[in-house]
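Read through the structure below, which is laid out as structure tokens, and then see the notes.
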There are 4 protein chains.
Amino acid sequence: MLSFESDYIQGAHPDILKKLVDTNMEVLTGYGFDKYCESAKAKIKALCGDNSEIFLLNGGTQTNQIVIDTMLEPYQGVICADTGHINSHEAGAIEFTGHKVLTLKNELGKINPDDLLSYVKTFYADENHDHCVFPGMVYISHPTEYGTLYTLSELEAISAICKEYSLKLYLDGARLGYGLMSKNTDVTIKDICKLCDAFYIGGTKVGALCGEAVVFTHNNAPKHFFTSIKQHGALLAKGRLLGVQFDTLFTDDLYFKISKHAIDMADLMRDAFKSKGYQLYIETVTNQIFVILNDDDYVKLKKVVSVGFWERLPDNRAVVRFASSWATTEDDVKALINVL
Amino acid sequence: MLSFESDYIQGAHPDILKKLVDTNMEVLTGYGFDKYCESAKAKIKALCGDNSEIFLLNGGTQTNQIVIDTMLEPYQGVICADTGHINSHEAGAIEFTGHKVLTLKNELGKINPDDLLSYVKTFYADENHDHCVFPGMVYISHPTEYGTLYTLSELEAISAICKEYSLKLYLDGARLGYGLMSKNTDVTIKDICKLCDAFYIGGTKVGALCGEAVVFTHNNAPKHFFTSIKQHGALLAKGRLLGVQFDTLFTDDLYFKISKHAIDMADLMRDAFKSKGYQLYIETVTNQIFVILNDDDYVKLKKVVSVGFWERLPDNRAVVRFASSWATTEDDVKALINVL
Amino acid sequence: MLSFESDYIQGAHPDILKKLVDTNMEVLTGYGFDKYCESAKAKIKALCGDNSEIFLLNGGTQTNQIVIDTMLEPYQGVICADTGHINSHEAGAIEFTGHKVLTLKNELGKINPDDLLSYVKTFYADENHDHCVFPGMVYISHPTEYGTLYTLSELEAISAICKEYSLKLYLDGARLGYGLMSKNTDVTIKDICKLCDAFYIGGTKVGALCGEAVVFTHNNAPKHFFTSIKQHGALLAKGRLLGVQFDTLFTDDLYFKISKHAIDMADLMRDAFKSKGYQLYIETVTNQIFVILNDDDYVKLKKVVSVGFWERLPDNRAVVRFASSWATTEDDVKALINVL
Amino acid sequence: MLSFESDYIQGAHPDILKKLVDTNMEVLTGYGFDKYCESAKAKIKALCGDNSEIFLLNGGTQTNQIVIDTMLEPYQGVICADTGHINSHEAGAIEFTGHKVLTLKNELGKINPDDLLSYVKTFYADENHDHCVFPGMVYISHPTEYGTLYTLSELEAISAICKEYSLKLYLDGARLGYGLMSKNTDVTIKDICKLCDAFYIGGTKVGALCGEAVVFTHNNAPKHFFTSIKQHGALLAKGRLLGVQFDTLFTDDLYFKISKHAIDMADLMRDAFKSKGYQLYIETVTNQIFVILNDDDYVKLKKVVSVGFWERLPDNRAVVRFASSWATTEDDVKALINVL
């Protein structure tokens, strides 16, 4: 059956698997000190600048948990949109490490810089704020959970507020490739490196079997971050599993090529939905498309295409998600269009 | 260069990689609900009995952290040998979740049942024990960090004490295959299933790229364990990575065959060390061999063979570790013997 | 200077101090096992029923932290109004223990039962809820942080929802006496005992130097709660400090008498504000009164009366809090009325 | 009945109670910002030097928990003697905050500086120490749990090691007064201020109802320590309770006078035990005396004197503790001597 359920329904990009096979019998040291980890980090550093420090972790929630916990002081919390993944879908992994998640109302999945400024100003204006959780970081996802993107000017505004109020700025890039390759963005990875204190380059949802590459942008990796990774239960003995994957993804721009391919496929789908009169729930510009379907259409569609159920509207129509990925073919998209 | 540095210096057993390649383009649901995870669990369940519940996690420290944290009450600690991995080499991952590690002096890496009994009796005899950490679990590793094994009667004695004092018994099987395939053991996996409340079947050190299979032996998986995995940052979106690996390992007894092969190689090495007059630090029966070398020998050896440095004795001689694995060949062993 | 700043600006009710003096030289056992602790608990148990179990703690945040942490499973969070003290003014003490605070929009400081039901229904309807924090408890304050009270039917509705969805119901009674003695309540302590799983009888804000009495209503004190108190750093060696205070408060209904006195004083003040044309921010029925003042009035008032600043309205007028307590005299109130 | 069970069996020194009564009706601001807290801190600062920063907390376990948690980095543990209170009798309050307690074998309750040096050297010599808990602090108690005292040269040696290896030095002074007033000590409070990074002046066991005064000695109070106190559930609304007590204790040297009195009483008892041929378990120099009794003597004694049971020796004789305090009278001691 056709499936657009998510961007993690297939395994790894074939180049990655091939490299895992080719290097399999090499004797390598453990815990991320092998040459493939080193090479992967060097390639990412070449993209992100001399002041960047890179670490490889296994999954998104794990990465968010460790980065946020190690960058915050214990008495600080992290500000995010109420739709932020760390607030809604990580089973309390942030609170598990003792930090409060402080929420702002999202606008299409994003934080509005004015809301952020107002939150922080109100906090410090309250003479009793010593009885409260100090905001210590802003968490944004780019693309957001709704497939939307920050503009450069929004990012700059948020970054400026963060600097003024000593907040770390951390960007969750679970789907970063799709954000960077969108045709409707003015944000580059250089901008992110400049404006954020840390971010991660998502692998799991962009062609890897697992793995996310954390980038601390200004030689600001938390002290003994390696030990903290182990303490959080996140260190792999065979670090090569992550090294080989990211080394491959950042050889010959594979990461960007497959991200662009997914965007191209999503754009085809988006055009088809529009031309066939479907109503989009949100105007997205990345690899996720949210479509509103009445029940008849939804029931019919589900018989031939697997999609992600998102939510039900008050009028009982369904919002469903179509996601493309590196593995989506033009034939898949054509087949989908035929059944629409 | 020849290497016997550890049992995780190469990638995955080729059968595992082949299966990852063969299944790569299949569309599978995420988070461990795919058919390969199901199949792997079914095969392990067939080994471990109808009352067993199986979960797949990524690494040993992670597994220890989550199992111990979820099986203990928050006011309880875990008893282990002072050489136990959770006490010495996991960066405080257990304490990170709020639990104290309560240590007994090891005997060749093992807990002596008498010491355990004495500890628990003394605890409850102290009328102030309500001011102290309650022992809630016993952690043993099998094989131990020193390559030794519990005998069945030792396991039974420990299990009986645990039952009497309401302690969970948890066995760290990072190298379980090597323990079960040792020629000097009377402990079977059925015994472990019967005597322990939980244990894990190590994958990372027995042929997988990553992954450990947790077995709760008596329908006693902690409630909402799936959510706890996510809360601890340990859930993979592409659960297939673990499912395919364990499905392969437990097809046609691959796990046991490669474990036996490693034992055979270790036995060859052990015989060679002895016949050549080397002094062993500990009499091990699994895939790890600890040899005492004077400095001249050590320096010479290091030029041609990579080994693990273990510790320096008071007389300044070195203890080094030789480990075999599924990937160790007879040629490797012969080459080693030639240079001894 | 006149002060209505809060209900904790003076020391203890004189009867309490007298009892501390009278019993000072008695030799008593430590850690809460002395006869005054026993007597205090017996008196509270007589009020709360045979199935109640009582513990004495030092302060409100501490009590909330320990009760919530010990009654919840580690993967559960606690639902409360966004204005709930645990959400806004406890420096993240709940998250410090690993639990997420899940907020509902308050209505005059209260949770609307419909909102609660909707929250829980939506949670369980989401097929991905295993990726989320499970709601495990409802926290309400009574009186609320805004001086308002739940009606009996509201409490019953909330309690029924809690029972249906296996949520613990916990009531923060930092100012419970003022709630019970309000002339505008139909809620008795018996109702609270019947409808809640746990609550606390606030001492600090109702005449004690420190201390809160936790009541588990249905023989449901968490196992080894004493040890958990110690683990959270909350056990006093001289438990008599709490025992003597609560024994005094619950002798001859002192707790209720002084609460009623504070209500009488607040009612006088409320009448005066109304008759003099002041606008109340919220219609409260307990010992806290929130008054809206324009800046001129506020500046003038502050010169002669100390009050609590609450917040500034969008039109820049100030909301200030007047609180009465056991120590507020009729002369104080008259003096206040004179300057209004 | 005569009681020497502990130093917290009576209430507060009468001067403290009197001051609580005298100041009871004063209107004071909350949370430790009142004039008595300020005055108490100023008096302690006068003793401890211009660079000291003082905070008042409620009890010993609480103080240890908060100070250790806030002074350590999250990946660090605290070194202490295996008999250290934080290791043995605080219900895991340190591990509750995520930190491992790293133990050294005690010598009469003390850490041997050589053992400390050896521990730290071994740690850093291990090339795998990044997989382990970093030692971040040394915890000592003075007097120790066994009533013994460090000499100045021992303290200096430990302090020097701490400086060399970037370890914080923290001294638990639950019974500090008795240590400073011992006739067999060359350690002054100035020495402690100079050599330690933090310590606390115990109130609960030296005449207060509750309360410990934490001293950070070199303007090194953890940032936002007030908020951390609240986050740990330890902030009292009526901070005056602690302020008034410590203000009294440090007026006219009351703290030292009552400590000296307890020492005088203990010395009388010690002499009597010795002259009557009793065997002491440990040669102590403070207010605690550990005596070995055969069963007959113990049974007889218990009928007329309440003492603390400490432990049973292998030969089944009992070790019992006699403690003096500010409240012990010469008549009490004479009465005891009569029954010996």
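We label chains A, B, ... in the order they appear in the structure tokens, count residues from 1 in each chain, and number ligands from 1 in the order shown.
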Excluding segment 288-296 of chain B and its own-chain neighbours fewer than 2 positions away, which residues fall within 9 Å of it when counting only C-alpha atoms? Please give them as a short mmCIF file (atom, residue, chain, number, x, y, z; two decimals) with N, CA, C and O atoms, in the first residue's frame.
data_model
loop_
_atom_site.label_atom_id
_atom_site.label_comp_id
_atom_site.auth_asym_id
_atom_site.auth_seq_id
_atom_site.Cartn_x
_atom_site.Cartn_y
_atom_site.Cartn_z
N SER B 6 38.43 -5.62 22.60
CA SER B 6 37.12 -5.79 23.23
C SER B 6 36.25 -6.60 22.29
O SER B 6 36.69 -7.00 21.21
N ASP B 7 35.01 -6.83 22.70
CA ASP B 7 34.08 -7.57 21.86
C ASP B 7 33.14 -6.62 21.11
O ASP B 7 32.07 -7.04 20.65
N TYR B 146 34.40 -9.26 35.30
CA TYR B 146 35.67 -9.98 35.32
C TYR B 146 35.61 -11.28 34.55
O TYR B 146 36.49 -12.13 34.67
N GLY B 147 34.54 -11.48 33.79
CA GLY B 147 34.45 -12.68 32.97
C GLY B 147 34.08 -13.94 33.72
O GLY B 147 34.13 -15.04 33.16
N THR B 148 33.72 -13.79 35.00
CA THR B 148 33.34 -14.96 35.79
C THR B 148 31.84 -15.20 35.71
O THR B 148 31.09 -14.36 35.23
N ILE B 263 33.57 -18.32 22.47
CA ILE B 263 34.08 -19.13 23.59
C ILE B 263 35.17 -20.08 23.10
O ILE B 263 36.23 -20.22 23.73
N ALA B 266 38.25 -18.15 22.66
CA ALA B 266 38.83 -17.78 23.95
C ALA B 266 39.50 -18.98 24.61
O ALA B 266 40.57 -18.85 25.22
N MET B 269 42.84 -19.49 23.17
CA MET B 269 43.77 -18.48 23.68
C MET B 269 44.18 -18.81 25.12
O MET B 269 45.34 -18.72 25.49
N ARG B 270 43.20 -19.16 25.92
CA ARG B 270 43.47 -19.47 27.33
C ARG B 270 44.48 -20.61 27.43
O ARG B 270 45.44 -20.56 28.20
N PHE B 273 47.94 -19.32 26.50
CA PHE B 273 48.56 -18.54 27.58
C PHE B 273 49.13 -19.47 28.65
O PHE B 273 50.24 -19.31 29.12
N TYR B 278 52.15 -18.02 30.87
CA TYR B 278 51.64 -16.72 31.31
C TYR B 278 50.79 -16.88 32.56
O TYR B 278 50.12 -17.90 32.74
N GLN B 279 50.83 -15.86 33.38
CA GLN B 279 50.01 -15.92 34.59
C GLN B 279 48.67 -15.21 34.35
O GLN B 279 48.63 -14.07 33.90
N LEU B 280 47.58 -15.92 34.62
CA LEU B 280 46.26 -15.29 34.48
C LEU B 280 45.91 -14.55 35.77
O LEU B 280 46.21 -15.02 36.87
N TYR B 281 45.28 -13.41 35.63
CA TYR B 281 44.90 -12.60 36.78
C TYR B 281 43.72 -13.24 37.51
O TYR B 281 43.65 -13.27 38.73
N ILE B 282 42.78 -13.70 36.72
CA ILE B 282 41.58 -14.35 37.24
C ILE B 282 41.31 -15.55 36.35
O ILE B 282 41.55 -15.49 35.15
N GLU B 283 40.82 -16.61 36.94
CA GLU B 283 40.46 -17.79 36.13
C GLU B 283 39.07 -17.55 35.55
O GLU B 283 38.05 -17.73 36.23
N THR B 284 38.99 -17.08 34.32
CA THR B 284 37.69 -16.82 33.70
C THR B 284 37.26 -17.99 32.84
O THR B 284 38.07 -18.84 32.46
N VAL B 285 35.98 -18.02 32.54
CA VAL B 285 35.44 -19.12 31.74
C VAL B 285 34.62 -18.61 30.56
O VAL B 285 33.89 -19.36 29.94
N THR B 286 34.74 -17.33 30.29
CA THR B 286 33.96 -16.78 29.17
C THR B 286 34.89 -16.18 28.12
O THR B 286 35.99 -16.69 27.93
N TYR B 298 54.76 -6.45 27.92
CA TYR B 298 53.63 -5.60 27.56
C TYR B 298 54.00 -4.67 26.41
O TYR B 298 53.27 -4.52 25.41
N VAL B 299 55.18 -4.06 26.54
CA VAL B 299 55.63 -3.12 25.50
C VAL B 299 55.79 -3.84 24.16
O VAL B 299 55.35 -3.36 23.12
N LYS B 300 56.39 -5.01 24.22
CA LYS B 300 56.58 -5.78 22.99
C LYS B 300 55.23 -6.15 22.36
O LYS B 300 54.99 -5.97 21.17
N LEU B 301 54.35 -6.64 23.21
CA LEU B 301 53.05 -7.12 22.72
C LEU B 301 52.26 -5.99 22.06
O LEU B 301 51.66 -6.17 20.98
N TRP B 310 43.84 -3.12 31.71
CA TRP B 310 42.86 -3.28 32.79
C TRP B 310 43.29 -2.54 34.06
O TRP B 310 42.60 -1.64 34.53
N LEU B 313 49.23 -3.72 38.74
CA LEU B 313 49.35 -4.36 40.05
C LEU B 313 50.32 -3.56 40.93
O LEU B 313 51.10 -2.75 40.42
N ASN B 316 53.69 -3.32 39.89
CA ASN B 316 53.81 -2.58 38.63
C ASN B 316 53.61 -3.42 37.37
O ASN B 316 53.70 -2.89 36.26
N ARG B 317 53.35 -4.70 37.52
CA ARG B 317 53.03 -5.45 36.31
C ARG B 317 51.63 -5.05 35.83
O ARG B 317 50.78 -4.60 36.61
N ALA B 318 51.39 -5.25 34.54
CA ALA B 318 50.12 -4.82 33.97
C ALA B 318 49.16 -6.00 33.85
O ALA B 318 49.57 -7.12 33.54
N VAL B 319 47.90 -5.72 34.12
CA VAL B 319 46.85 -6.69 33.79
C VAL B 319 46.21 -6.22 32.49
O VAL B 319 45.79 -5.06 32.39
N VAL B 320 46.21 -7.08 31.49
CA VAL B 320 45.59 -6.70 30.22
C VAL B 320 44.50 -7.70 29.87
O VAL B 320 44.53 -8.86 30.28
N ARG B 321 43.52 -7.18 29.12
CA ARG B 321 42.39 -8.03 28.75
C ARG B 321 42.44 -8.41 27.28
O ARG B 321 42.63 -7.55 26.42
N PHE B 322 42.25 -9.68 27.01
CA PHE B 322 42.06 -10.19 25.65
C PHE B 322 40.60 -10.63 25.55
O PHE B 322 40.15 -11.44 26.35
N ALA B 323 39.90 -10.10 24.58
CA ALA B 323 38.50 -10.51 24.40
C ALA B 323 38.31 -11.09 23.00
O ALA B 323 38.84 -10.57 22.02
N SER B 324 37.57 -12.17 22.93
CA SER B 324 37.18 -12.70 21.63
C SER B 324 35.74 -12.29 21.35
O SER B 324 35.04 -11.80 22.24
#
I'd like the contact shell of Leu171 of chain A - 7 Å cut-off, only C-alpha atoms, skipping same-chain residues fewer than 2 positions apart - returned as number ranges by chain. A: 139-142, 169, 173, 196, 198-200
Taking 5 positions as the minimum chain separation for residues in the same chain, which residues sit within 12 Å of Asp15 of chain B when counting only C-alpha atoms? Answer as a ChimeraX atom specification. /A:21,24 /B:20-22,207-209,244-252,254-255,258,326
Would you kindly return, as number ranges by chain, each protein, DNA or RNA residue with an atom no farther than 12 Å from any atom of Ile337 of chain A, considering only C-alpha atoms and excluding same-chain residues fewer than 2 positions away? A: 2, 265-266, 268-276, 278, 301, 304-305, 330-335, 339-340
Check every residue of chain D for an atom within 7 Å of chain A, counting only C-alpha atoms, and provide those that qualify as a list of chain:residue names. D:Tyr75, D:Asp130, D:His131, D:Thr227, D:Ser228, D:Lys230
Create the file for the chosen residues now, containing N, CA, C and O atoms and written as a CSV table (one decimal), in the first residue's frame.
chain,number,residue,atom,x,y,z
D,75,TYR,N,27.2,16.2,36.9
D,75,TYR,CA,27.9,15.0,36.6
D,75,TYR,C,28.9,14.7,37.7
D,75,TYR,O,29.7,13.7,37.6
D,130,ASP,N,36.3,9.3,32.1
D,130,ASP,CA,35.2,10.0,31.6
D,130,ASP,C,33.9,9.2,31.6
D,130,ASP,O,32.8,9.7,31.4
D,131,HIS,N,34.0,7.9,31.8
D,131,HIS,CA,32.8,7.0,32.0
D,131,HIS,C,32.4,6.9,33.4
D,131,HIS,O,31.4,6.1,33.7
D,227,THR,N,16.3,30.8,45.3
D,227,THR,CA,15.4,30.1,44.4
D,227,THR,C,15.6,28.6,44.6
D,227,THR,O,14.6,27.8,44.6
D,228,SER,N,16.8,28.2,44.7
D,228,SER,CA,17.1,26.7,44.9
D,228,SER,C,16.5,26.2,46.2
D,228,SER,O,16.1,25.1,46.2
D,230,LYS,N,13.9,27.3,47.6
D,230,LYS,CA,12.4,27.1,47.3
D,230,LYS,C,12.2,25.9,46.5
D,230,LYS,O,11.3,25.1,46.7
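Here atom CA of Leu155 of chain A and atom CA of Ile44 of chain A stand 21.5 Å from one another.
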For Ser153 of chain A, please output as a PyMOL selection string all residues within 12 Å (counting only C-alpha atoms; exclusion window: fewer than 4 positions along the same chain). chain A and resi 112-113+149+157-160+185-187+191-192+195
Among segment 18-256 of chain D, which residues does DSSP mark as strand (DSSP E) when it is run on the backbone? Keep the chain and numbering as in the structure and answer as an NGL selection string. :D and (53-57 or 76-81 or 101-104 or 134-141 or 168-172 or 198-202 or 212-216)
Lys35 of chain D surroundings by only C-alpha atoms, 12 Å radius, close-in-sequence under 2 positions cut, as a list of chain:residue names: D:Thr23, D:Glu26, D:Val27, D:Leu28, D:Thr29, D:Gly30, D:Tyr31, D:Gly32, D:Phe33, D:Cys37, D:Glu38, D:Ser39, D:Ala40, D:Lys41, D:Ala42, D:Gly239, D:Arg240, D:Leu241, D:Leu242, D:Gly243, D:Val244, D:Phe246, D:Asp247
Residues just named, written with N, CA, C and O atoms as a PDB file, in the first residue's frame:
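What follows is the written file selection-v6.pdb:
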ATOM      1  N   THR D  23       9.068  38.720  70.469  1.00  0.00           N
ATOM      2  CA  THR D  23       8.959  39.300  69.125  1.00  0.00           C
ATOM      3  C   THR D  23       7.724  38.828  68.375  1.00  0.00           C
ATOM      4  O   THR D  23       7.514  39.205  67.227  1.00  0.00           O
ATOM      5  N   GLU D  26       5.333  41.263  66.519  1.00  0.00           N
ATOM      6  CA  GLU D  26       5.894  42.214  65.557  1.00  0.00           C
ATOM      7  C   GLU D  26       5.508  41.824  64.134  1.00  0.00           C
ATOM      8  O   GLU D  26       5.524  40.653  63.787  1.00  0.00           O
ATOM      9  N   VAL D  27       5.200  42.849  63.362  1.00  0.00           N
ATOM     10  CA  VAL D  27       4.896  42.603  61.950  1.00  0.00           C
ATOM     11  C   VAL D  27       6.213  42.537  61.185  1.00  0.00           C
ATOM     12  O   VAL D  27       6.991  43.487  61.176  1.00  0.00           O
ATOM     13  N   LEU D  28       6.465  41.387  60.581  1.00  0.00           N
ATOM     14  CA  LEU D  28       7.734  41.187  59.863  1.00  0.00           C
ATOM     15  C   LEU D  28       7.463  40.635  58.467  1.00  0.00           C
ATOM     16  O   LEU D  28       6.512  39.886  58.260  1.00  0.00           O
ATOM     17  N   THR D  29       8.308  40.999  57.576  1.00  0.00           N
ATOM     18  CA  THR D  29       8.190  40.479  56.217  1.00  0.00           C
ATOM     19  C   THR D  29       8.593  39.005  56.191  1.00  0.00           C
ATOM     20  O   THR D  29       9.288  38.525  57.095  1.00  0.00           O
ATOM     21  N   GLY D  30       8.152  38.297  55.163  1.00  0.00           N
ATOM     22  CA  GLY D  30       8.335  36.850  55.131  1.00  0.00           C
ATOM     23  C   GLY D  30       9.595  36.388  54.426  1.00  0.00           C
ATOM     24  O   GLY D  30      10.419  37.185  53.969  1.00  0.00           O
ATOM     25  N   TYR D  31       9.789  35.097  54.404  1.00  0.00           N
ATOM     26  CA  TYR D  31      10.781  34.410  53.567  1.00  0.00           C
ATOM     27  C   TYR D  31      12.235  34.737  53.896  1.00  0.00           C
ATOM     28  O   TYR D  31      13.107  34.656  53.045  1.00  0.00           O
ATOM     29  N   GLY D  32      12.475  35.157  55.147  1.00  0.00           N
ATOM     30  CA  GLY D  32      13.858  35.349  55.560  1.00  0.00           C
ATOM     31  C   GLY D  32      14.420  36.744  55.338  1.00  0.00           C
ATOM     32  O   GLY D  32      15.623  36.949  55.478  1.00  0.00           O
ATOM     33  N   PHE D  33      13.550  37.702  55.013  1.00  0.00           N
ATOM     34  CA  PHE D  33      14.043  39.062  54.798  1.00  0.00           C
ATOM     35  C   PHE D  33      13.760  39.981  55.986  1.00  0.00           C
ATOM     36  O   PHE D  33      13.888  41.199  55.885  1.00  0.00           O
ATOM     37  N   CYS D  37      16.447  37.799  60.863  1.00  0.00           N
ATOM     38  CA  CYS D  37      17.312  37.045  59.941  1.00  0.00           C
ATOM     39  C   CYS D  37      18.530  37.887  59.577  1.00  0.00           C
ATOM     40  O   CYS D  37      19.666  37.390  59.572  1.00  0.00           O
ATOM     41  N   GLU D  38      18.293  39.145  59.268  1.00  0.00           N
ATOM     42  CA  GLU D  38      19.406  40.024  58.899  1.00  0.00           C
ATOM     43  C   GLU D  38      20.408  40.133  60.044  1.00  0.00           C
ATOM     44  O   GLU D  38      21.619  40.077  59.846  1.00  0.00           O
ATOM     45  N   SER D  39      19.885  40.315  61.242  1.00  0.00           N
ATOM     46  CA  SER D  39      20.759  40.457  62.402  1.00  0.00           C
ATOM     47  C   SER D  39      21.534  39.168  62.676  1.00  0.00           C
ATOM     48  O   SER D  39      22.742  39.193  62.949  1.00  0.00           O
ATOM     49  N   ALA D  40      20.854  38.046  62.574  1.00  0.00           N
ATOM     50  CA  ALA D  40      21.528  36.752  62.799  1.00  0.00           C
ATOM     51  C   ALA D  40      22.656  36.579  61.794  1.00  0.00           C
ATOM     52  O   ALA D  40      23.785  36.196  62.147  1.00  0.00           O
ATOM     53  N   LYS D  41      22.377  36.884  60.554  1.00  0.00           N
ATOM     54  CA  LYS D  41      23.390  36.724  59.510  1.00  0.00           C
ATOM     55  C   LYS D  41      24.564  37.674  59.741  1.00  0.00           C
ATOM     56  O   LYS D  41      25.727  37.302  59.542  1.00  0.00           O
ATOM     57  N   ALA D  42      24.262  38.884  60.180  1.00  0.00           N
ATOM     58  CA  ALA D  42      25.331  39.850  60.430  1.00  0.00           C
ATOM     59  C   ALA D  42      26.246  39.360  61.550  1.00  0.00           C
ATOM     60  O   ALA D  42      27.472  39.497  61.483  1.00  0.00           O
ATOM     61  N   GLY D 239      10.150  33.160  57.987  1.00  0.00           N
ATOM     62  CA  GLY D 239      11.594  33.017  58.155  1.00  0.00           C
ATOM     63  C   GLY D 239      12.054  33.469  59.531  1.00  0.00           C
ATOM     64  O   GLY D 239      13.115  33.057  60.018  1.00  0.00           O
ATOM     65  N   ARG D 240      11.247  34.293  60.193  1.00  0.00           N
ATOM     66  CA  ARG D 240      11.573  34.776  61.540  1.00  0.00           C
ATOM     67  C   ARG D 240      11.879  33.630  62.496  1.00  0.00           C
ATOM     68  O   ARG D 240      12.643  33.808  63.447  1.00  0.00           O
ATOM     69  N   LEU D 241      11.216  32.497  62.288  1.00  0.00           N
ATOM     70  CA  LEU D 241      11.433  31.348  63.180  1.00  0.00           C
ATOM     71  C   LEU D 241      12.917  31.002  63.240  1.00  0.00           C
ATOM     72  O   LEU D 241      13.458  30.694  64.307  1.00  0.00           O
ATOM     73  N   LEU D 242      13.584  31.070  62.105  1.00  0.00           N
ATOM     74  CA  LEU D 242      15.015  30.787  62.078  1.00  0.00           C
ATOM     75  C   LEU D 242      15.825  32.002  62.474  1.00  0.00           C
ATOM     76  O   LEU D 242      16.823  31.900  63.200  1.00  0.00           O
ATOM     77  N   GLY D 243      15.390  33.160  62.021  1.00  0.00           N
ATOM     78  CA  GLY D 243      16.136  34.384  62.312  1.00  0.00           C
ATOM     79  C   GLY D 243      16.230  34.659  63.805  1.00  0.00           C
ATOM     80  O   GLY D 243      17.310  34.936  64.339  1.00  0.00           O
ATOM     81  N   VAL D 244      15.119  34.571  64.476  1.00  0.00           N
ATOM     82  CA  VAL D 244      15.104  34.865  65.909  1.00  0.00           C
ATOM     83  C   VAL D 244      15.991  33.871  66.660  1.00  0.00           C
ATOM     84  O   VAL D 244      16.740  34.237  67.572  1.00  0.00           O
ATOM     85  N   PHE D 246      18.647  32.065  65.566  1.00  0.00           N
ATOM     86  CA  PHE D 246      20.085  32.257  65.367  1.00  0.00           C
ATOM     87  C   PHE D 246      20.551  33.614  65.875  1.00  0.00           C
ATOM     88  O   PHE D 246      21.694  33.753  66.312  1.00  0.00           O
ATOM     89  N   ASP D 247      19.666  34.610  65.820  1.00  0.00           N
ATOM     90  CA  ASP D 247      20.038  35.895  66.395  1.00  0.00           C
ATOM     91  C   ASP D 247      20.306  35.739  67.895  1.00  0.00           C
ATOM     92  O   ASP D 247      21.266  36.290  68.434  1.00  0.00           O
TER      93      ASP D 247
END
Distance in Å - atom CA of His85 of chain A versus atom CA of Leu236 of chain A: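 Separation of atom CA of His85 of chain A and atom CA of Leu236 of chain A: 24.2 Å.
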Please return as a ChimeraX atom specification: the residues of segment 138-331 of chain C that backbone DSSP assigns to helix (DSSP H, G or I). /C:152-164,176-181,189-195,225-231,240-249,254-275,295-304,330-331
Extract, using only C-alpha atoms, all DNA, RNA and protein residues at most 8 Å from Thr103 of chain A, discarding same-chain residues fewer than 2 positions from it, and format them as a ChimeraX atom specification. /A:79-82,87,101,105
Please indicate the distance in Å from atom CA of Lys110 of chain A to atom CA of Pro314 of chain C, rounded to one decimal place. 25.5 Å
